[in-house]
>>> print(open('target-v9.pdb').read())   # PDB, C-alpha atoms
ATOM      1  CA  MET A 214      13.322   4.783 -15.816
ATOM      2  CA  ASN A 215      14.171   1.470 -14.137
ATOM      3  CA  ILE A 216      11.058  -0.683 -14.364
ATOM      4  CA  THR A 217      10.560  -4.153 -12.903
ATOM      5  CA  ARG A 218       8.862  -6.982 -14.805
ATOM      6  CA  SER A 219       5.745  -6.142 -12.776
ATOM      7  CA  GLY A 220       5.669  -2.738 -14.494
ATOM      8  CA  ARG A 221       6.458  -0.743 -11.345
ATOM      9  CA  PRO A 222       9.527   1.440 -10.807
ATOM     10  CA  ALA A 223      12.309  -0.665  -9.285
ATOM     11  CA  LEU A 224      12.718  -0.475  -5.528
ATOM     12  CA  THR A 225      16.111  -1.397  -4.053
ATOM     13  CA  ARG A 226      18.097  -1.130  -0.844
ATOM     14  CA  PRO A 227      19.706   2.310  -0.332
ATOM     15  CA  ASP A 228      23.027   0.934  -1.650
ATOM     16  CA  GLY A 229      21.339  -0.200  -4.878
ATOM     17  CA  THR A 230      21.395  -3.940  -4.106
ATOM     18  CA  PRO A 231      18.181  -6.025  -4.254
ATOM     19  CA  LEU A 232      15.843  -5.905  -1.289
ATOM     20  CA  ARG A 233      15.760  -9.121   0.752
ATOM     21  CA  VAL A 234      12.424 -10.635   1.750
ATOM     22  CA  LEU A 235      11.748 -13.825   3.723
ATOM     23  CA  VAL A 236       8.411 -15.594   3.163
ATOM     24  CA  VAL A 237       7.301 -17.799   6.083
ATOM     25  CA  ASP A 238       4.253 -19.981   5.402
ATOM     26  CA  ASP A 239       3.607 -23.717   5.710
ATOM     27  CA  ASP A 240       1.430 -23.770   2.579
ATOM     28  CA  PRO A 241       3.955 -24.567  -0.192
ATOM     29  CA  ASP A 242       1.649 -23.460  -3.017
ATOM     30  CA  LEU A 243       0.955 -20.100  -1.419
ATOM     31  CA  ALA A 244       4.625 -19.586  -0.573
ATOM     32  CA  GLU A 245       5.626 -20.352  -4.162
ATOM     33  CA  VAL A 246       3.129 -17.838  -5.574
ATOM     34  CA  LEU A 247       4.227 -15.158  -3.113
ATOM     35  CA  CYS A 248       7.893 -15.739  -3.897
ATOM     36  CA  GLY A 249       7.205 -15.464  -7.620
ATOM     37  CA  ALA A 250       5.447 -12.116  -7.167
ATOM     38  CA  LEU A 251       8.282 -10.738  -5.037
ATOM     39  CA  ARG A 252      10.960 -11.922  -7.473
ATOM     40  CA  TYR A 253       9.079 -10.035 -10.184
ATOM     41  CA  GLU A 254       9.917  -6.933  -8.154
ATOM     42  CA  GLY A 255      13.590  -7.801  -8.577
ATOM     43  CA  TRP A 256      13.984  -8.756  -4.914
ATOM     44  CA  GLN A 257      16.015 -11.558  -3.337
ATOM     45  CA  VAL A 258      13.593 -13.980  -1.698
ATOM     46  CA  GLY A 259      14.040 -16.737   0.883
ATOM     47  CA  THR A 260      11.467 -19.148   2.309
ATOM     48  CA  ALA A 261      10.710 -21.079   5.491
ATOM     49  CA  ASP A 262       7.774 -23.293   6.443
ATOM     50  CA  ASP A 263       7.906 -23.177  10.250
ATOM     51  CA  GLY A 264       9.173 -21.018  13.083
ATOM     52  CA  ALA A 265      12.503 -22.736  13.651
ATOM     53  CA  SER A 266      13.502 -22.659   9.990
ATOM     54  CA  ALA A 267      12.317 -19.043   9.747
ATOM     55  CA  VAL A 268      14.785 -17.904  12.397
ATOM     56  CA  ALA A 269      17.587 -19.932  10.780
ATOM     57  CA  ALA A 270      16.773 -18.496   7.344
ATOM     58  CA  ALA A 271      16.701 -14.970   8.778
ATOM     59  CA  ARG A 272      20.200 -15.384  10.203
ATOM     60  CA  GLU A 273      21.451 -16.388   6.762
ATOM     61  CA  LEU A 274      19.479 -13.921   4.605
ATOM     62  CA  MET A 275      19.317 -10.959   7.021
ATOM     63  CA  PRO A 276      16.056  -9.846   5.394
ATOM     64  CA  ASP A 277      14.771  -6.290   5.105
ATOM     65  CA  ALA A 278      11.209  -7.595   5.410
ATOM     66  CA  VAL A 279       9.427 -10.803   6.424
ATOM     67  CA  VAL A 280       6.028 -11.983   5.186
ATOM     68  CA  LEU A 281       4.949 -14.064   8.178
ATOM     69  CA  ASP A 282       1.973 -16.394   8.562
ATOM     70  CA  VAL A 283       0.457 -16.090  12.025
ATOM     71  CA  MET A 284      -0.387 -19.812  12.238
ATOM     72  CA  LEU A 285       2.649 -22.097  11.852
ATOM     73  CA  PRO A 286       2.927 -25.850  12.593
ATOM     74  CA  ASP A 287       5.460 -25.563  15.422
ATOM     75  CA  THR A 288       4.607 -22.185  16.971
ATOM     76  CA  ASP A 289       2.682 -18.979  16.361
ATOM     77  CA  GLY A 290       3.852 -16.002  14.349
ATOM     78  CA  LEU A 291       4.042 -13.712  17.362
ATOM     79  CA  ALA A 292       6.702 -15.924  18.962
ATOM     80  CA  VAL A 293       8.599 -16.050  15.664
ATOM     81  CA  LEU A 294       8.425 -12.268  15.435
ATOM     82  CA  ARG A 295      10.134 -11.901  18.800
ATOM     83  CA  SER A 296      12.925 -14.234  17.674
ATOM     84  CA  LEU A 297      13.308 -12.397  14.366
ATOM     85  CA  HIS A 298      13.783  -9.117  16.203
ATOM     86  CA  THR A 299      16.714 -10.629  18.104
ATOM     87  CA  VAL A 300      18.307 -11.483  14.734
ATOM     88  CA  LYS A 301      17.518  -8.172  13.013
ATOM     89  CA  PRO A 302      15.793  -5.605  15.239
ATOM     90  CA  ASP A 303      14.757  -3.276  12.399
ATOM     91  CA  VAL A 304      13.226  -5.909  10.103
ATOM     92  CA  CYS A 305       9.785  -5.008   8.694
ATOM     93  CA  VAL A 306       7.120  -7.663   9.320
ATOM     94  CA  LEU A 307       3.918  -8.121   7.336
ATOM     95  CA  PHE A 308       1.594 -10.672   8.955
ATOM     96  CA  LEU A 309      -0.575 -13.040   6.921
ATOM     97  CA  THR A 310      -3.610 -14.100   8.896
ATOM     98  CA  ALA A 311      -6.843 -15.973   8.355
ATOM     99  CA  ARG A 312      -8.188 -14.247  11.425
ATOM    100  CA  ASP A 313     -10.110 -11.033  11.007
ATOM    101  CA  ALA A 314     -10.994 -10.270  14.615
ATOM    102  CA  VAL A 315      -9.863  -6.875  15.826
ATOM    103  CA  GLU A 316      -8.069  -8.361  18.851
ATOM    104  CA  ASP A 317      -5.905 -10.545  16.584
ATOM    105  CA  ARG A 318      -4.864  -7.549  14.528
ATOM    106  CA  ILE A 319      -4.073  -5.534  17.643
ATOM    107  CA  ALA A 320      -2.018  -8.412  19.079
ATOM    108  CA  GLY A 321       0.132  -8.563  15.959
ATOM    109  CA  ILE A 322       0.789  -4.837  15.805
ATOM    110  CA  THR A 323       1.382  -4.623  19.573
ATOM    111  CA  ALA A 324       3.946  -7.428  19.347
ATOM    112  CA  GLY A 325       5.947  -5.370  16.874
ATOM    113  CA  GLY A 326       4.440  -6.278  13.518
ATOM    114  CA  ASP A 327       4.274  -3.425  11.027
ATOM    115  CA  ASP A 328       1.189  -4.400   9.036
ATOM    116  CA  TYR A 329      -1.060  -7.353   8.165
ATOM    117  CA  VAL A 330      -3.202  -8.702   5.351
ATOM    118  CA  THR A 331      -6.108 -11.080   5.876
ATOM    119  CA  LYS A 332      -6.460 -14.240   3.794
ATOM    120  CA  PRO A 333      -7.622 -14.463   1.078
ATOM    121  CA  PHE A 334      -5.622 -11.544  -0.314
ATOM    122  CA  SER A 335      -4.356 -10.319  -3.670
ATOM    123  CA  LEU A 336      -0.672 -10.538  -4.548
ATOM    124  CA  GLU A 337      -0.859  -6.904  -5.627
ATOM    125  CA  GLU A 338      -1.914  -5.931  -2.115
ATOM    126  CA  VAL A 339       0.954  -7.831  -0.479
ATOM    127  CA  VAL A 340       3.516  -6.231  -2.801
ATOM    128  CA  ALA A 341       2.043  -2.761  -2.300
ATOM    129  CA  ARG A 342       2.049  -3.159   1.497
ATOM    130  CA  LEU A 343       5.684  -4.317   1.457
ATOM    131  CA  ARG A 344       6.777  -1.449  -0.791
ATOM    132  CA  GLY A 345       5.098   1.020   1.536
ATOM    133  CA  LEU A 346       6.596  -0.542   4.674
ATOM    134  CA  LEU A 347      10.119  -0.610   3.267
ATOM    135  CA  ARG A 348       9.993   2.967   2.021
ATOM    136  CA  ARG A 349       8.592   4.294   5.294
ATOM    137  CA  ALA A 350      11.288   2.407   7.225
ATOM    138  CA  GLY A 351      13.977   4.004   5.076
ATOM    139  CA  MET A 352      15.173   0.580   3.899
ATOM    140  CA  ALA A 353      14.455   1.187   0.242
ATOM    141  CA  ARG A 354      14.831   3.765  -2.460
ATOM    142  CA  GLN A 355      13.198   3.987  -5.852
ATOM    143  CA  LEU A 356      15.444   4.049  -8.896
ATOM    144  CA  GLU A 357      14.395   7.237 -10.689
ATOM    145  CA  GLU A 358      11.056   8.403  -9.389
ATOM    146  CA  GLY A 359       8.054   7.943 -11.648
ATOM    147  CA  PRO A 360       5.732  10.697 -12.884
ATOM    148  CA  ARG A 361       4.262  12.666 -10.023
ATOM    149  CA  LEU A 362       1.194  14.799  -9.487
ATOM    150  CA  THR A 363       1.556  17.487  -6.833
ATOM    151  CA  VAL A 364      -1.163  19.702  -5.393
ATOM    152  CA  GLY A 365       0.067  21.597  -2.341
ATOM    153  CA  ASP A 366       1.479  19.047   0.100
ATOM    154  CA  LEU A 367      -0.425  16.190  -1.592
ATOM    155  CA  VAL A 368       1.813  14.073  -3.855
ATOM    156  CA  MET A 369       0.858  11.116  -6.063
ATOM    157  CA  ASP A 370       3.412   8.823  -7.699
ATOM    158  CA  GLU A 371       1.322   7.393 -10.530
ATOM    159  CA  GLU A 372       3.615   4.494 -11.421
ATOM    160  CA  ALA A 373       4.337   3.389  -7.848
ATOM    161  CA  ARG A 374       0.658   4.070  -7.027
ATOM    162  CA  GLU A 375       1.633   5.774  -3.787
ATOM    163  CA  VAL A 376       0.117   8.900  -2.278
ATOM    164  CA  THR A 377       1.501  11.073   0.509
ATOM    165  CA  ARG A 378       0.335  14.223   2.232
ATOM    166  CA  ALA A 379       2.963  16.217   4.095
ATOM    167  CA  GLY A 380       5.213  13.178   3.694
ATOM    168  CA  GLU A 381       2.752  10.767   5.334
ATOM    169  CA  LEU A 382       1.732   7.746   3.256
ATOM    170  CA  ILE A 383      -1.997   7.434   2.523
ATOM    171  CA  GLU A 384      -3.345   3.944   1.764
ATOM    172  CA  LEU A 385      -6.021   4.032  -0.950
ATOM    173  CA  SER A 386      -8.183   1.416  -2.637
ATOM    174  CA  PRO A 387      -7.911   1.229  -6.456
ATOM    175  CA  THR A 388     -11.132   3.216  -6.899
ATOM    176  CA  GLU A 389     -10.092   5.846  -4.353
ATOM    177  CA  PHE A 390      -6.754   6.158  -6.155
ATOM    178  CA  GLU A 391      -8.421   6.742  -9.534
ATOM    179  CA  LEU A 392     -10.824   9.287  -8.057
ATOM    180  CA  LEU A 393      -8.012  11.209  -6.382
ATOM    181  CA  ARG A 394      -5.923  11.065  -9.561
ATOM    182  CA  PHE A 395      -8.771  12.660 -11.523
ATOM    183  CA  LEU A 396      -9.093  15.410  -8.906
ATOM    184  CA  MET A 397      -5.325  16.009  -8.825
ATOM    185  CA  ARG A 398      -5.115  16.225 -12.608
ATOM    186  CA  ASN A 399      -7.726  18.995 -12.448
ATOM    187  CA  PRO A 400      -6.768  21.133  -9.412
ATOM    188  CA  ARG A 401      -8.962  24.148  -8.668
ATOM    189  CA  ARG A 402     -11.425  22.957 -11.311
ATOM    190  CA  VAL A 403     -14.971  22.107 -10.254
ATOM    191  CA  LEU A 404     -15.807  18.596 -11.460
ATOM    192  CA  SER A 405     -19.423  17.495 -11.702
ATOM    193  CA  LYS A 406     -20.644  14.137 -10.493
ATOM    194  CA  ALA A 407     -21.382  13.220 -14.115
ATOM    195  CA  GLN A 408     -17.781  13.972 -15.121
ATOM    196  CA  ILE A 409     -16.425  11.944 -12.219
ATOM    197  CA  LEU A 410     -18.674   8.965 -12.964
ATOM    198  CA  ASP A 411     -17.689   9.017 -16.621
ATOM    199  CA  ARG A 412     -13.942   9.218 -15.862
ATOM    200  CA  VAL A 413     -13.628   6.960 -12.808
ATOM    201  CA  TRP A 414     -16.465   4.471 -13.298
ATOM    202  CA  SER A 415     -16.833   4.777 -17.089
ATOM    203  CA  TYR A 416     -20.581   4.924 -17.234
ATOM    204  CA  ASP A 417     -23.088   7.685 -17.865
ATOM    205  CA  PHE A 418     -24.643   9.637 -15.047
ATOM    206  CA  GLY A 419     -28.105   8.397 -14.207
ATOM    207  CA  GLY A 420     -29.169   8.577 -10.576
ATOM    208  CA  ARG A 421     -25.849   7.252  -9.285
ATOM    209  CA  ALA A 422     -24.779  10.387  -7.439
ATOM    210  CA  HIS A 423     -24.575   8.412  -4.197
ATOM    211  CA  VAL A 424     -21.581   6.442  -5.555
ATOM    212  CA  VAL A 425     -19.561   9.626  -6.035
ATOM    213  CA  GLU A 426     -20.697  11.035  -2.699
ATOM    214  CA  LEU A 427     -19.687   7.824  -0.938
ATOM    215  CA  TYR A 428     -16.172   7.729  -2.406
ATOM    216  CA  ILE A 429     -15.634  11.435  -1.882
ATOM    217  CA  SER A 430     -16.421  10.817   1.800
ATOM    218  CA  TYR A 431     -13.879   7.966   1.867
ATOM    219  CA  LEU A 432     -11.217  10.216   0.341
ATOM    220  CA  ARG A 433     -11.934  13.034   2.781
ATOM    221  CA  LYS A 434     -11.410  10.688   5.728
ATOM    222  CA  LYS A 435      -8.022   9.639   4.371
ATOM    223  CA  VAL A 436      -6.760  12.889   2.850
ATOM    224  CA  ASP A 437      -8.323  15.619   4.987
ATOM    225  CA  THR A 438      -9.011  14.195   8.462
ATOM    226  CA  GLY A 439      -6.892  16.047  11.016
ATOM    227  CA  ARG A 440      -5.600  18.441   8.362
ATOM    228  CA  GLU A 441      -6.701  21.591   6.550
ATOM    229  CA  PRO A 442      -9.310  20.362   4.029
ATOM    230  CA  MET A 443      -8.360  20.141   0.353
ATOM    231  CA  ILE A 444     -11.503  18.469  -1.055
ATOM    232  CA  HIS A 445     -14.417  20.911  -1.239
ATOM    233  CA  THR A 446     -18.063  20.606  -2.250
ATOM    234  CA  VAL A 447     -19.467  23.263  -4.559
ATOM    235  CA  ARG A 448     -23.192  23.086  -3.943
ATOM    236  CA  GLY A 449     -25.143  22.201  -7.053
ATOM    237  CA  ALA A 450     -21.981  21.922  -9.168
ATOM    238  CA  GLY A 451     -19.647  19.179  -7.892
ATOM    239  CA  TYR A 452     -16.274  18.902  -6.167
ATOM    240  CA  VAL A 453     -12.944  20.664  -6.351
ATOM    241  CA  LEU A 454      -9.456  19.923  -5.020
ATOM    242  CA  LYS A 455      -7.575  22.987  -3.817
ATOM    243  CA  PRO A 456      -4.083  23.289  -2.325
ATOM    244  CA  VAL A 457      -4.006  24.612   1.212
ATOM    245  CA  PRO A 458      -2.647  28.179   1.346
ATOM    246  CA  ARG A 459       0.763  28.358   3.005
TER     247      ARG A 459
END
>>> encode(input="target-v9.pdb", output="structure tokens")
Amino acid sequence: MNITRSGRPALTRPDGTPLRVLVVDDDPDLAEVLCGALRYEGWQVGTADDGASAVAAARELMPDAVVLDVMLPDTDGLAVLRSLHTVKPDVCVLFLTARDAVEDRIAGITAGGDDYVTKPFSLEEVVARLRGLLRRAGMARQLEEGPRLTVGDLVMDEEAREVTRAGELIELSPTEFELLRFLMRNPRRVLSKAQILDRVWSYDFGGRAHVVELYISYLRKKVDTGREPMIHTVRGAGYVLKPVPR
């Protein structure tokens, strides 16, 4: 198993060379921290602190992905995105934004951005978003897949912390991931709310059924919406994950 210093399975370009990522942000401290996290993934990283230098750096690096701040000193990220697409049309772009209004998010995606994270964010989230973007775009492959759980068309890569159903990536929060992992490790087995609380939240059952119910509802929206349901309620007993009959 090829593991990065971050502890995740290594992700490379299809030809086995390091992935190339350009970080564009005018905050030098933030850029340095981001670059460090991406280098821990074994990736080649370049930086730029404004729009003009970003386009110049992209021509030199030819990045597979760009982490792009929406607000730059000489222009806005949307204008930079358009220029980047003239340099490398298939580049993946992850926007960093301090704005959380829906219209700002829509503007970024409509302009051709692939995803966004809102400041403040965790480095883990940025890395996970980039890994997902690059894999979905076919720009990356994982060196020796990690351990997998499979129930029907639902697949969980425990080391990469990625979940797909019918090949479609499902974004989960850490708690949702742990809950689904517990269900997938016990397919067709009815699990009580007490068992789930003890395993996922590590505390004894005591009037906290609403926590389990809430997160089960979150999982259903992400795993089952628009598909044949896999997560079932057994009245008075708990929940069970069942593969969909083919």
>>> residues_around(input="target-v9.pdb", residues="Val258 (chain A)", least_positions_apart="5", cutoff="8 Å", atoms="all atoms listed in the file", output="list in words")
Arg233, Val234, Leu235, Val236, Cys248, Leu251 and Arg252 of chain A
>>> write_last_selection(input="target-v9.pdb", atoms="C-alpha atoms", output="PDB file, in the frame of the given file")
ATOM      1  CA  ARG A 233      15.760  -9.121   0.752  1.00  0.00           C
ATOM      2  CA  VAL A 234      12.424 -10.635   1.750  1.00  0.00           C
ATOM      3  CA  LEU A 235      11.748 -13.825   3.723  1.00  0.00           C
ATOM      4  CA  VAL A 236       8.411 -15.594   3.163  1.00  0.00           C
ATOM      5  CA  CYS A 248       7.893 -15.739  -3.897  1.00  0.00           C
ATOM      6  CA  LEU A 251       8.282 -10.738  -5.037  1.00  0.00           C
ATOM      7  CA  ARG A 252      10.960 -11.922  -7.473  1.00  0.00           C
TER       8      ARG A 252
END
>>> resolve_selection(input="target-v9.pdb", expression="the PyMOL selection byres ((chain A and resi 273) around 12)", output="count of residues only")
20
>>> residues_near_point(input="target-v9.pdb", point="(-5.4, 15.5, -10.6)", cutoff="9 Å", atoms="only C-alpha atoms", output="number ranges by chain")
A: 362-364, 369, 392-400, 454
>>> write_last_selection(input="target-v9.pdb", atoms="C-alpha atoms", output="short mmCIF file (atom, residue, chain, number, x, y, z; two decimals), keeping the file's coordinate frame")
data_model
loop_
_atom_site.label_atom_id
_atom_site.label_comp_id
_atom_site.auth_asym_id
_atom_site.auth_seq_id
_atom_site.Cartn_x
_atom_site.Cartn_y
_atom_site.Cartn_z
CA LEU A 362 1.19 14.80 -9.49
CA THR A 363 1.56 17.49 -6.83
CA VAL A 364 -1.16 19.70 -5.39
CA MET A 369 0.86 11.12 -6.06
CA LEU A 392 -10.82 9.29 -8.06
CA LEU A 393 -8.01 11.21 -6.38
CA ARG A 394 -5.92 11.06 -9.56
CA PHE A 395 -8.77 12.66 -11.52
CA LEU A 396 -9.09 15.41 -8.91
CA MET A 397 -5.32 16.01 -8.82
CA ARG A 398 -5.12 16.23 -12.61
CA ASN A 399 -7.73 19.00 -12.45
CA PRO A 400 -6.77 21.13 -9.41
CA LEU A 454 -9.46 19.92 -5.02
#
>>> closest_residue(input="target-v9.pdb", among="A:Ala278, A:Ile444, A:Ala311, A:Leu247", to="Arg344 (chain A)", atoms="all atoms listed in the file")
A:Ala278
>>> residues_around(input="target-v9.pdb", residues="Phe308 (chain A)", least_positions_apart="4", cutoff="10 Å", atoms="all atoms listed in the file", output="PyMOL selection string")
chain A and resi 237+279-284+290-291+294+318+321-322+326-331+339
>>> axis_aligned_box(input="target-v9.pdb", around="region 287-290 of chain A", padding_each_side="6 Å", output="AutoDock Vina command-line options")
--center_x 4.1 --center_y -20.8 --center_z 15.7 --size_x 14.8 --size_y 21.6 --size_z 14.6
>>> resolve_selection(input="target-v9.pdb", expression="the PyMOL selection byres ((chain A and resi 368) around 12)", output="number ranges by chain")
A: 359-367, 369-371, 373-383, 390, 393-394, 397-398, 436, 456
>>> residues_around(input="target-v9.pdb", residues="Arg448 (chain A)", least_positions_apart="2", cutoff="12 Å", atoms="all atoms listed in the file", output="list in words")
Val403, Leu404, Ser405, Lys406, His445, Thr446, Ala450, Gly451, Tyr452 and Val453 of chain A
>>> decode(input="target-v9.pdb", residues="region 378-390 of chain A", atoms="N, CA, C and O atoms", output="tab-separated table (two decimals), in the first residue's frame")
chain	number	residue	atom	x	y	z
A	378	ARG	N	-22.06	5.60	-4.61
A	378	ARG	CA	-23.19	4.70	-4.88
A	378	ARG	C	-23.42	4.72	-6.37
A	378	ARG	O	-23.62	5.78	-6.96
A	379	ALA	N	-23.39	3.55	-6.97
A	379	ALA	CA	-23.49	3.40	-8.42
A	379	ALA	C	-22.45	4.27	-9.13
A	379	ALA	O	-22.72	4.86	-10.17
A	380	GLY	N	-21.27	4.39	-8.51
A	380	GLY	CA	-20.19	5.15	-9.10
A	380	GLY	C	-20.23	6.64	-8.84
A	380	GLY	O	-19.29	7.36	-9.20
A	381	GLU	N	-21.28	7.13	-8.20
A	381	GLU	CA	-21.41	8.57	-7.93
A	381	GLU	C	-20.90	8.89	-6.53
A	381	GLU	O	-21.32	8.27	-5.55
A	382	LEU	N	-19.99	9.85	-6.44
A	382	LEU	CA	-19.39	10.22	-5.16
A	382	LEU	C	-20.42	10.86	-4.24
A	382	LEU	O	-21.21	11.70	-4.66
A	383	ILE	N	-20.40	10.45	-2.97
A	383	ILE	CA	-21.30	10.99	-1.95
A	383	ILE	C	-20.46	11.70	-0.91
A	383	ILE	O	-19.58	11.10	-0.29
A	384	GLU	N	-20.68	13.00	-0.72
A	384	GLU	CA	-19.94	13.78	0.26
A	384	GLU	C	-20.59	13.62	1.63
A	384	GLU	O	-21.78	13.88	1.80
A	385	LEU	N	-19.79	13.17	2.62
A	385	LEU	CA	-20.31	12.94	3.96
A	385	LEU	C	-19.50	13.72	4.99
A	385	LEU	O	-18.28	13.89	4.84
A	386	SER	N	-20.17	14.14	6.05
A	386	SER	CA	-19.46	14.74	7.19
A	386	SER	C	-18.77	13.60	7.95
A	386	SER	O	-19.10	12.42	7.76
A	387	PRO	N	-17.81	13.91	8.83
A	387	PRO	CA	-17.15	12.85	9.60
A	387	PRO	C	-18.12	11.96	10.38
A	387	PRO	O	-17.96	10.74	10.41
A	388	THR	N	-19.13	12.56	10.99
A	388	THR	CA	-20.09	11.76	11.76
A	388	THR	C	-20.94	10.90	10.83
A	388	THR	O	-21.21	9.72	11.13
A	389	GLU	N	-21.37	11.45	9.71
A	389	GLU	CA	-22.15	10.66	8.75
A	389	GLU	C	-21.32	9.50	8.23
A	389	GLU	O	-21.84	8.39	8.05
A	390	PHE	N	-20.03	9.74	8.00
A	390	PHE	CA	-19.15	8.68	7.51
A	390	PHE	C	-19.07	7.54	8.53
A	390	PHE	O	-19.18	6.35	8.18
